[in-house]
Amino acid sequence: MLRKFTLTLLAVCCTPYCVPALADEVNIYSARQENLIKPILDIFTERTGVTVNLVTGSADELIQRLTLEGDNSPADMLIAEDVGRLYRAKEAGVLQAVESAAINDIIPAQYRDSEGYWYGLTLRSRVIIYDKARVNPADLSTYADLADPKWDNKICVRSSGNIYNQSLVASMISRNGVEATEAWATGLVANFGRAPQGGDREQISAVAAGQCDLAISNTYYFGGMLKSTNEAERKAAEAVAVFFPDQNGNGAHMNISGAGVTKAAKNRDAAVQLMEFLAGEEAQAWYAEVNNEFPVRADVPASELLQSWGTFKADNLALEELGIHNAEAVRLMDRAGWQ
Amino acid sequence: MINSMDGAPEGALSSLKTGIYSRLPMLGILLLCLLLSVPVLTILTSITSSSDGVWQHLYETVLGDYVTHSLTLLVGVGLAVLVLGIGPAWLVTMTRFPGSRVLEWALVLPLAMPAYIIAYTYTGMLDIGGPLQVWIRETFDVRFGDYWFPNVRSLAGAVAMLSLVLYPYVYLLSRTAFLEQSVCVLEVSRTLGASPWQAFIRVAMPLARPAIIAGLSLVLMETLADYGTVQYFGVSAFTTGIFRTWFGLGSLTAAAQLAAVLLIFILFLVMIEHWSRQKARYHHTSNKYSRLPQIPLTGWKRAAAMVYCMLPVLLGFLIPFIQLSLWAVDTWHLVDKDSFFTLFVNSLELASVTAIIALVLGVFITYSKRLRPTLPLRGVVRVMGLGYAIPGTVIAVGVLIPFAWFDNTLDAWMREHFDIATGLLLSGTLIAVVFAYLVRFLPVALNTLDAGLGKIKPTMDDVGRSMGLSPLQILRRVHVPLLQGSLLTASLLVFVDVLKELPATLILRPFNFNTLAIRTYELANQERLAEASSSALMIVLAGIIPVIILSKSISRSRPGHDSST
């Protein structure tokens with residue numbers, strides 16, 4: 001009876017119910033969704049013979065899982081959207097430092113961790129989207145200006161639970177301090193055209209439909225709408241345009257999607273190899289374009305669509321700062337009444 | 001009937017049982033229940049930890065919103081599902097009107113529709129950039145704000161979405177109760193001068209109360225656990241608050257405490273209900289074989305009944321289903337079809353494995369509780385029942401913590417003594433996933449089976465015992481045949497729930513393993529609703545078949561009810 005039980009247990013554990021630990025593989029916990037990463041991973045496997053195993057999920061939950069699994073975690077690499085999450089992973093102690101001259105030469109210093117715990121792989125900017133018919137772009141200038149009463153009832157933005165908003169506020173805390181930023185957030189909330197709801201695409205649609213004049217959105221959502229298969233979405237996107245704020249000041253707020261090697265990595269070398277591959281010219285072009293993002297390296301041109309928005313000045317704030325001020329940003333937004 | 005309202009036979013029965021029944025299996029059941037309560041207990045014990053002033057911040061800023069919004073959701077959804085569930089259940093059971101035969105089972109269909117998917121769909125249709133509002137603006141040449149249009153993404157919208165997909169629980173369980181009711185009682189009430197309406201309100205409804213309450217409590221727990229819909233609509237409720245506190249404020253402790261508060265609130269509701277029911281028992285006395293009289297409706301009553309019963313199906317199923325199909329056709333060329341089959345199989349496999357395990361465990365647990373309702377067992381079952389009210393992600397963490405602890409402890413011990421690294425044996429496997437499902441959905445099975453078993457008179461057990469049958473034999477030869485309907489209901493409800501489950505699967509699953517729900521979520525999360533529609537549709541389709549079987553079998557549960565007309 002007992003032997004039969006043991007055998008059954010073994011049989012259960014040796015099927016896909018357990019994770020096999022083979023050599024020549026990289027195990028990834030990825031917050032970047034399957035369709036935005038799997039194809040390039042397949043190319044990596046084809047070139048190098050290294051198998052890539054993937055679990056996707058939200059970054060915070062994956063970090064939690066990494067934390068709880070501890071040193072026995074099967075994951076070798078964590079991929080996250082937004083630097084706020086990468087910073088949290090570093091703070092949670094689930095990443096390890098990687099020193100790769102090959103990567104450091106390619107990725108600008110502000111887009112990677114100063115100690116090598118994480119590296120940015122794609123870039124996006126959080127910009128103002130305005131209605132072409134109702135707004136004169138000459139009236140637009142800075143993020144700070146969005147708190148001006150002249151935009152009363154005219155701004156659409158998603159909830160403060162969203163990490164991109166948290167990162168934007170964190171960057172302002174880093175530049176201007178908590179007090180000034182809280183005053184700004186309070187002014188911005190007073191200008192909301194509606195209670196925060198939906199994602200960035202919905203904010204853009206709301207501008208096109210006339211509920212708001214301005215929306216705050218990440219660039220790739222706007223790009224995605226322009227290329228959408230849904231005609232209504234395309235039409236909405238064509239009625240609005242991008243404005244890169246703070247061009248006479250610090251430049252437009254930037255953020256990354258990026259990756260780090262986990263502390264528990266059993267296949268560290270393969271993970272670093274994959275990271276170098278993703279930072280390489282070929283991968284960069286695909287990896288950025290598939291989600292309408294900017295490549296992190298300056299020598300790889302952005303897609304034609306993104307180039308059509310013109311060149312712009314990007315904020316060179318070290319992105320670590322966004323992580324450092326994240327928790328303060330959340331509390332500040334709660335106080336400002338940003339839902 | 002008189003017999004059914006008192007608890008007289010209990011005492012004699014239990015004294016008979018104590019001596020004979022061996023204690024070992026009971027201990028096993030108790031341990032099993034304890035194991036399954038670990039995640040809930042992990043959360044409850046968080047109450048005692050300190051959370052560094054996070055509560056102060058919450059109290060000063062957002063806690064008030066969380067509480068009022070969640071309560072509004074509860075009350076709104078609660079009332080709506082009663083209206084959408086009980087009325088149609090009564091009408092299709094007791095009356096006849098055109099379409100009533102189809103509606104009998106069609107009314108259950110929204111159960112196959114996950115709440116987050118119906119929310120995506122209605123938003124896509126009714127939102128400011130959606131086809132309807134665009135059409136209004138273009139046709140009448142107006143701007144937004146010049147015309148009135150309800151806002152889907154609102155608290156009221158969330159109430160509507162959740163009610164539309166959750167009312168089938170109340171419908172199913174109250175219909176089962178109406179089908180099982182005794183004709184004599186209704187006839188007596190009519191001879192005493194009650195109108196059909198009075199017979200419904202004063203006799204049938206009170207008698208169906210345990211079933212209605214069971215359905216309602218499932219709905220309310222599911223409402224409290226919902227994250228997808230409220231998050232998508234930007235409603236700050238308790239669940240969204242849990243996540244914000246956990247990730248945004250970085251305090252897992254405070255987040256667990258929020259969840260614990262939620263649990264204590266539910267425990268409180270459950271106790272009130274039990275206390276108010278007090279000693280009343282609801283066993284059935286007359287047999288089910290006398291045919292229920294069905295009143296043919298005419299005139300305006302017929303029309304009203306048709307509209308009343310069709311509305312929930314139309315709004316909760318047909319409209320979103322058609323919209324999803326249209327989107328699926330539009331975006332079919334973009335869909336990664338190769339992996340579809342695997343996703344489908346994965347979803348079905350998880351759902352059926354969990355449903356079978358839940359059924360077996362559910363039967364043993366409820367039966368043990370019936371045989372020997374000791375305090376520890378009842379307590380543990382009560383705690384376990386709370387699992388249904390906890391958001392999937394919180395359950396997942398409640399599963400990860402003990403599993404990872406077990407794996408890491410075992411690994412360390414094996415290394416020390418045998419120099420063997422066992423690594424993670426359970427974490428990151430489907431065992432963990434199924435375990436999480438059981439923690440979350442076993443309460444559904446327990447609720448259903450408990451209600452079913454409660455209706456079987458204890459004298460049946462006594463008769464079995466007096467004929468020399470062992471408790472297991474009684475279970476097999478008396479209860480299981482009588483329980484058939486409840487068994488089917490329990491397993492199919494769990495099946496459909498697992499099919500729709502997203503958050504726990506997402507965080508616990510092994511490498512390279514995806515389900516339909518995950519594919520849907522990933523695309524919807526990139527705000528590509530139309531492309532998400534084909535996998536969403538697959539979830540719905542996979543859920544429809546069990547839902548129809550369920551509905552049909554409930555109709556058949558009253559012999560003589562189906563075949564005619």
# chains A, B, ... in the order shown; residues from 1 in each chain; ligands from 1
$ select_by_dssp --residues "stretch 47-157 of chain A" --states "helix (DSSP H, G or I)" --output "PyMOL selection string"
chain A and resi 47-48+59-72+83-91+101-106+109-111+137-139+144-147+149-151
$ write_last_selection --atoms "C-alpha atoms" --output "PDB file, in the first residue's frame"
ATOM      1  CA  ARG A  47      20.452  30.724 -32.081  1.00  0.00           C
ATOM      2  CA  THR A  48      21.920  29.403 -28.860  1.00  0.00           C
ATOM      3  CA  ALA A  59       5.331  42.009 -11.526  1.00  0.00           C
ATOM      4  CA  ASP A  60       4.341  42.553  -7.914  1.00  0.00           C
ATOM      5  CA  GLU A  61       2.957  39.059  -7.603  1.00  0.00           C
ATOM      6  CA  LEU A  62       5.973  37.527  -9.291  1.00  0.00           C
ATOM      7  CA  ILE A  63       8.253  39.401  -6.902  1.00  0.00           C
ATOM      8  CA  GLN A  64       6.186  38.084  -4.009  1.00  0.00           C
ATOM      9  CA  ARG A  65       6.546  34.573  -5.368  1.00  0.00           C
ATOM     10  CA  LEU A  66      10.296  35.002  -5.753  1.00  0.00           C
ATOM     11  CA  THR A  67      10.549  36.267  -2.191  1.00  0.00           C
ATOM     12  CA  LEU A  68       8.630  33.343  -0.754  1.00  0.00           C
ATOM     13  CA  GLU A  69      10.407  30.724  -2.836  1.00  0.00           C
ATOM     14  CA  GLY A  70      13.716  32.051  -1.589  1.00  0.00           C
ATOM     15  CA  ASP A  71      17.010  30.464  -2.609  1.00  0.00           C
ATOM     16  CA  ASN A  72      15.246  27.494  -4.125  1.00  0.00           C
ATOM     17  CA  VAL A  83      11.205  50.777 -13.115  1.00  0.00           C
ATOM     18  CA  GLY A  84       9.136  51.051  -9.918  1.00  0.00           C
ATOM     19  CA  ARG A  85       8.721  47.286  -9.947  1.00  0.00           C
ATOM     20  CA  LEU A  86      12.373  46.582 -10.722  1.00  0.00           C
ATOM     21  CA  TYR A  87      13.329  48.763  -7.803  1.00  0.00           C
ATOM     22  CA  ARG A  88      10.900  46.897  -5.535  1.00  0.00           C
ATOM     23  CA  ALA A  89      12.479  43.621  -6.646  1.00  0.00           C
ATOM     24  CA  LYS A  90      15.922  44.911  -5.780  1.00  0.00           C
ATOM     25  CA  GLU A  91      14.672  46.129  -2.403  1.00  0.00           C
ATOM     26  CA  ALA A 101      30.711  45.442 -19.894  1.00  0.00           C
ATOM     27  CA  ALA A 102      28.840  44.517 -23.044  1.00  0.00           C
ATOM     28  CA  ILE A 103      25.543  45.717 -21.576  1.00  0.00           C
ATOM     29  CA  ASN A 104      26.945  48.699 -19.720  1.00  0.00           C
ATOM     30  CA  ASP A 105      28.406  50.049 -22.957  1.00  0.00           C
ATOM     31  CA  ILE A 106      25.047  49.895 -24.647  1.00  0.00           C
ATOM     32  CA  ALA A 109      23.480  54.933 -17.205  1.00  0.00           C
ATOM     33  CA  GLN A 110      20.157  56.522 -16.224  1.00  0.00           C
ATOM     34  CA  TYR A 111      18.255  53.528 -17.591  1.00  0.00           C
ATOM     35  CA  PRO A 137      -0.497  72.900 -28.564  1.00  0.00           C
ATOM     36  CA  ALA A 138       1.029  76.316 -27.926  1.00  0.00           C
ATOM     37  CA  ASP A 139      -1.001  76.380 -24.685  1.00  0.00           C
ATOM     38  CA  ALA A 144       3.378  71.438 -13.666  1.00  0.00           C
ATOM     39  CA  ASP A 145       1.103  73.461 -15.927  1.00  0.00           C
ATOM     40  CA  LEU A 146      -1.520  70.674 -15.821  1.00  0.00           C
ATOM     41  CA  ALA A 147      -2.436  71.840 -12.319  1.00  0.00           C
ATOM     42  CA  PRO A 149      -6.998  76.173 -13.231  1.00  0.00           C
ATOM     43  CA  LYS A 150      -7.238  76.887 -16.975  1.00  0.00           C
ATOM     44  CA  TRP A 151      -7.520  73.100 -17.446  1.00  0.00           C
TER      45      TRP A 151
END
$ closest_atom_pairs --of "chain A" --to "chain B" --cutoff "6 Å" --atoms "only C-alpha atoms" --output "JSON lines"
{"residue": "A:Tyr17", "atom": "CA", "partner": "B:Thr429", "partner_atom": "CA", "distance": 5.0}
{"residue": "A:Cys18", "atom": "CA", "partner": "B:Thr429", "partner_atom": "CA", "distance": 5.2}
{"residue": "A:Asn53", "atom": "CA", "partner": "B:Phe511", "partner_atom": "CA", "distance": 5.6}
{"residue": "A:Leu54", "atom": "CA", "partner": "B:Asn512", "partner_atom": "CA", "distance": 5.1}
{"residue": "A:Val55", "atom": "CA", "partner": "B:Phe511", "partner_atom": "CA", "distance": 4.9}
{"residue": "A:Gly57", "atom": "CA", "partner": "B:Leu506", "partner_atom": "CA", "distance": 5.7}
{"residue": "A:Glu69", "atom": "CA", "partner": "B:Ala404", "partner_atom": "CA", "distance": 5.4}
{"residue": "A:Asn72", "atom": "CA", "partner": "B:Gly423", "partner_atom": "CA", "distance": 5.5}
{"residue": "A:Gln197", "atom": "CA", "partner": "B:Gly234", "partner_atom": "CA", "distance": 4.5}
{"residue": "A:Gly198", "atom": "CA", "partner": "B:Tyr232", "partner_atom": "CA", "distance": 5.8}
{"residue": "A:Ser205", "atom": "CA", "partner": "B:Gly129", "partner_atom": "CA", "distance": 5.2}
{"residue": "A:Gly210", "atom": "CA", "partner": "B:Phe144", "partner_atom": "CA", "distance": 5.3}
{"residue": "A:Gln211", "atom": "CA", "partner": "B:Phe144", "partner_atom": "CA", "distance": 5.6}
{"residue": "A:Ala327", "atom": "CA", "partner": "B:Leu249", "partner_atom": "CA", "distance": 5.4}
$ closest_residue --among "A:Ala288, A:Ala206, A:Ile256, A:Ala239" --to "A:Asp113" --atoms "only C-alpha atoms"
A:Ile256
$ atom_distance --atom1 "atom CA of B:Ser553" --atom2 "atom CA of B:Leu488"
8.1 Å
$ atom_distance --atom1 "atom CA of B:Ile544" --atom2 "atom CA of B:Ser339"
21.6 Å
$ closest_residue --among "A:Ala329, A:Leu226, A:Leu274, A:Val207" --to "A:Ser167" --atoms "only C-alpha atoms"
A:Ala329
$ residues_around --residues "A:Met172" --least-positions-apart "3" --cutoff "12 Å" --atoms "only C-alpha atoms" --output "JSON, numbers by chain"
{"A": [142, 143, 144, 165, 166, 167, 168, 169, 175, 176, 177, 178, 179, 180, 181, 182, 183, 184, 185, 246, 250, 252, 253, 254, 315, 317, 319, 321, 322, 325, 326, 328, 329, 332]}
$ atom_distance --atom1 "atom CA of B:Leu359" --atom2 "atom CA of B:Thr176"
18.7 Å
$ closest_residue --among "B:Phe140, B:Tyr227, B:Phe97, B:Trp90" --to "B:Pro196" --atoms "only C-alpha atoms"
B:Trp90
$ closest_residue --among "A:Ala97, A:Ala336, A:Ala259, A:Ile173" --to "A:Ala31" --atoms "only C-alpha atoms"
A:Ala259
$ residues_around --residues "A:Asp299" --least-positions-apart "3" --cutoff "10 Å" --atoms "only C-alpha atoms" --output "list in words"
Ile106, Glu281, Pro295, Val296 and Ala302 of chain A
$ select_by_dssp --residues "stretch 57-184 of chain A" --states "strand (DSSP E)" --output "VMD selection string"
chain A and resid 77 to 81 95 to 96 119 to 131 155 to 156
$ write_last_selection --atoms "N, CA and C atoms" --output "short mmCIF file (atom, residue, chain, number, x, y, z; two decimals), in the first residue's frame"
data_model
loop_
_atom_site.label_atom_id
_atom_site.label_comp_id
_atom_site.auth_asym_id
_atom_site.auth_seq_id
_atom_site.Cartn_x
_atom_site.Cartn_y
_atom_site.Cartn_z
N MET A 77 15.56 34.84 -14.12
CA MET A 77 15.47 36.22 -14.58
C MET A 77 14.07 36.76 -14.31
N LEU A 78 14.01 38.03 -13.94
CA LEU A 78 12.73 38.70 -13.74
C LEU A 78 12.61 39.82 -14.77
N ILE A 79 11.51 39.83 -15.48
CA ILE A 79 11.27 40.91 -16.44
C ILE A 79 10.08 41.71 -15.94
N ALA A 80 10.24 43.02 -15.86
CA ALA A 80 9.15 43.83 -15.32
C ALA A 80 8.89 45.03 -16.22
N GLU A 81 7.64 45.48 -16.19
CA GLU A 81 7.27 46.72 -16.83
C GLU A 81 7.39 47.77 -15.75
N LEU A 95 17.02 40.06 -6.45
CA LEU A 95 17.88 40.19 -7.64
C LEU A 95 19.35 40.14 -7.22
N GLN A 96 20.23 39.91 -8.19
CA GLN A 96 21.66 39.99 -7.93
C GLN A 96 22.31 40.94 -8.92
N TYR A 119 18.38 46.22 -15.59
CA TYR A 119 18.71 46.96 -16.81
C TYR A 119 17.44 47.26 -17.59
N GLY A 120 17.36 48.49 -18.10
CA GLY A 120 16.23 48.84 -18.95
C GLY A 120 16.40 48.22 -20.32
N LEU A 121 15.32 47.74 -20.92
CA LEU A 121 15.42 47.13 -22.25
C LEU A 121 14.59 47.88 -23.29
N THR A 122 13.53 48.55 -22.86
CA THR A 122 12.79 49.41 -23.78
C THR A 122 12.42 50.70 -23.06
N LEU A 123 12.14 51.72 -23.85
CA LEU A 123 11.81 53.03 -23.29
C LEU A 123 10.41 53.46 -23.69
N ARG A 124 9.75 54.14 -22.77
CA ARG A 124 8.48 54.78 -23.10
C ARG A 124 8.45 56.10 -22.36
N SER A 125 7.66 57.03 -22.90
CA SER A 125 7.54 58.31 -22.24
C SER A 125 6.09 58.48 -21.80
N ARG A 126 5.88 59.17 -20.69
CA ARG A 126 4.50 59.46 -20.26
C ARG A 126 4.22 60.89 -20.70
N VAL A 127 3.29 61.02 -21.63
CA VAL A 127 3.13 62.29 -22.34
C VAL A 127 1.72 62.83 -22.21
N ILE A 128 1.53 64.02 -22.77
CA ILE A 128 0.19 64.60 -22.83
C ILE A 128 -0.40 64.29 -24.21
N ILE A 129 -1.61 63.79 -24.22
CA ILE A 129 -2.33 63.58 -25.47
C ILE A 129 -3.42 64.65 -25.52
N TYR A 130 -3.47 65.41 -26.63
CA TYR A 130 -4.46 66.50 -26.68
C TYR A 130 -5.34 66.37 -27.91
N ASP A 131 -6.53 66.95 -27.80
CA ASP A 131 -7.46 66.93 -28.92
C ASP A 131 -7.01 67.98 -29.94
N ILE A 155 -9.05 67.33 -17.81
CA ILE A 155 -7.97 66.33 -17.87
C ILE A 155 -8.48 64.94 -17.51
N CYS A 156 -8.12 63.97 -18.32
CA CYS A 156 -8.45 62.56 -18.06
C CYS A 156 -7.17 61.80 -17.74
#
